[in-house]
Amino acid sequence: MDNVVDCLSNAYQDFFTAATNVVEAKASTNGERSAATDAALENFKKKWEAFKLACDQANEFVDTLKQSITANTSYPVNEDMIDIFDHAVHVDEDHEEN
């Protein structure tokens with residue numbers, strides 16, 4: 001689990017840094033297109049794709065855990081427990097957009 005969290009955290013930091021680099025490149029050229037802005041935008045696209053992949057992998061991990069919990073219990077699992085997992089994933093997704 002730590003590996004999944006670390007991967008997601010690293011991908012987010014790389015994505016955020018790439019976004020910052022785009023803003024800085026645009027500012028340094030007064031908003032004009034240049035080789036620097038194009039390179040920053042290309043890097044931003046790559047980091048965005050890597051971040052989305054890390055999010056998908058984390059979501060798959062959570063889904064696997066949910067299935068494991070429900071499959072390995074000898075008593076009925078309360079649906080509220082599953083809702084707690086879903087809410088936690090949605091909260092994280094909402095946080096990432098900010």
# chains A, B, ... in the order shown; residues from 1 in each chain; ligands from 1
>>> residues_around(residues="range 50-55 of chain A", least_positions_apart="5", cutoff="9 Å", atoms="only C-alpha atoms", output="list in words")
Val4, Cys7, Leu8, Ser9, Asn10, Ala11, Tyr12, Asp14, Phe15, Lys45, Glu60 and Glu93 of chain A
>>> atom_distance(atom1="CA of Phe16 in chain A", atom2="CA of Ser28 in chain A")
18.4 Å
>>> atom_distance(atom1="CA of Val5 in chain A", atom2="CA of Thr17 in chain A")
18.2 Å
>>> closest_residue(among="A:Leu65, A:Met1, A:Val23, A:Ala71", to="Phe44 in chain A", atoms="only C-alpha atoms")
A:Val23
>>> atom_distance(atom1="CA of Ala40 in chain A", atom2="CA of Glu24 in chain A")
9.1 Å
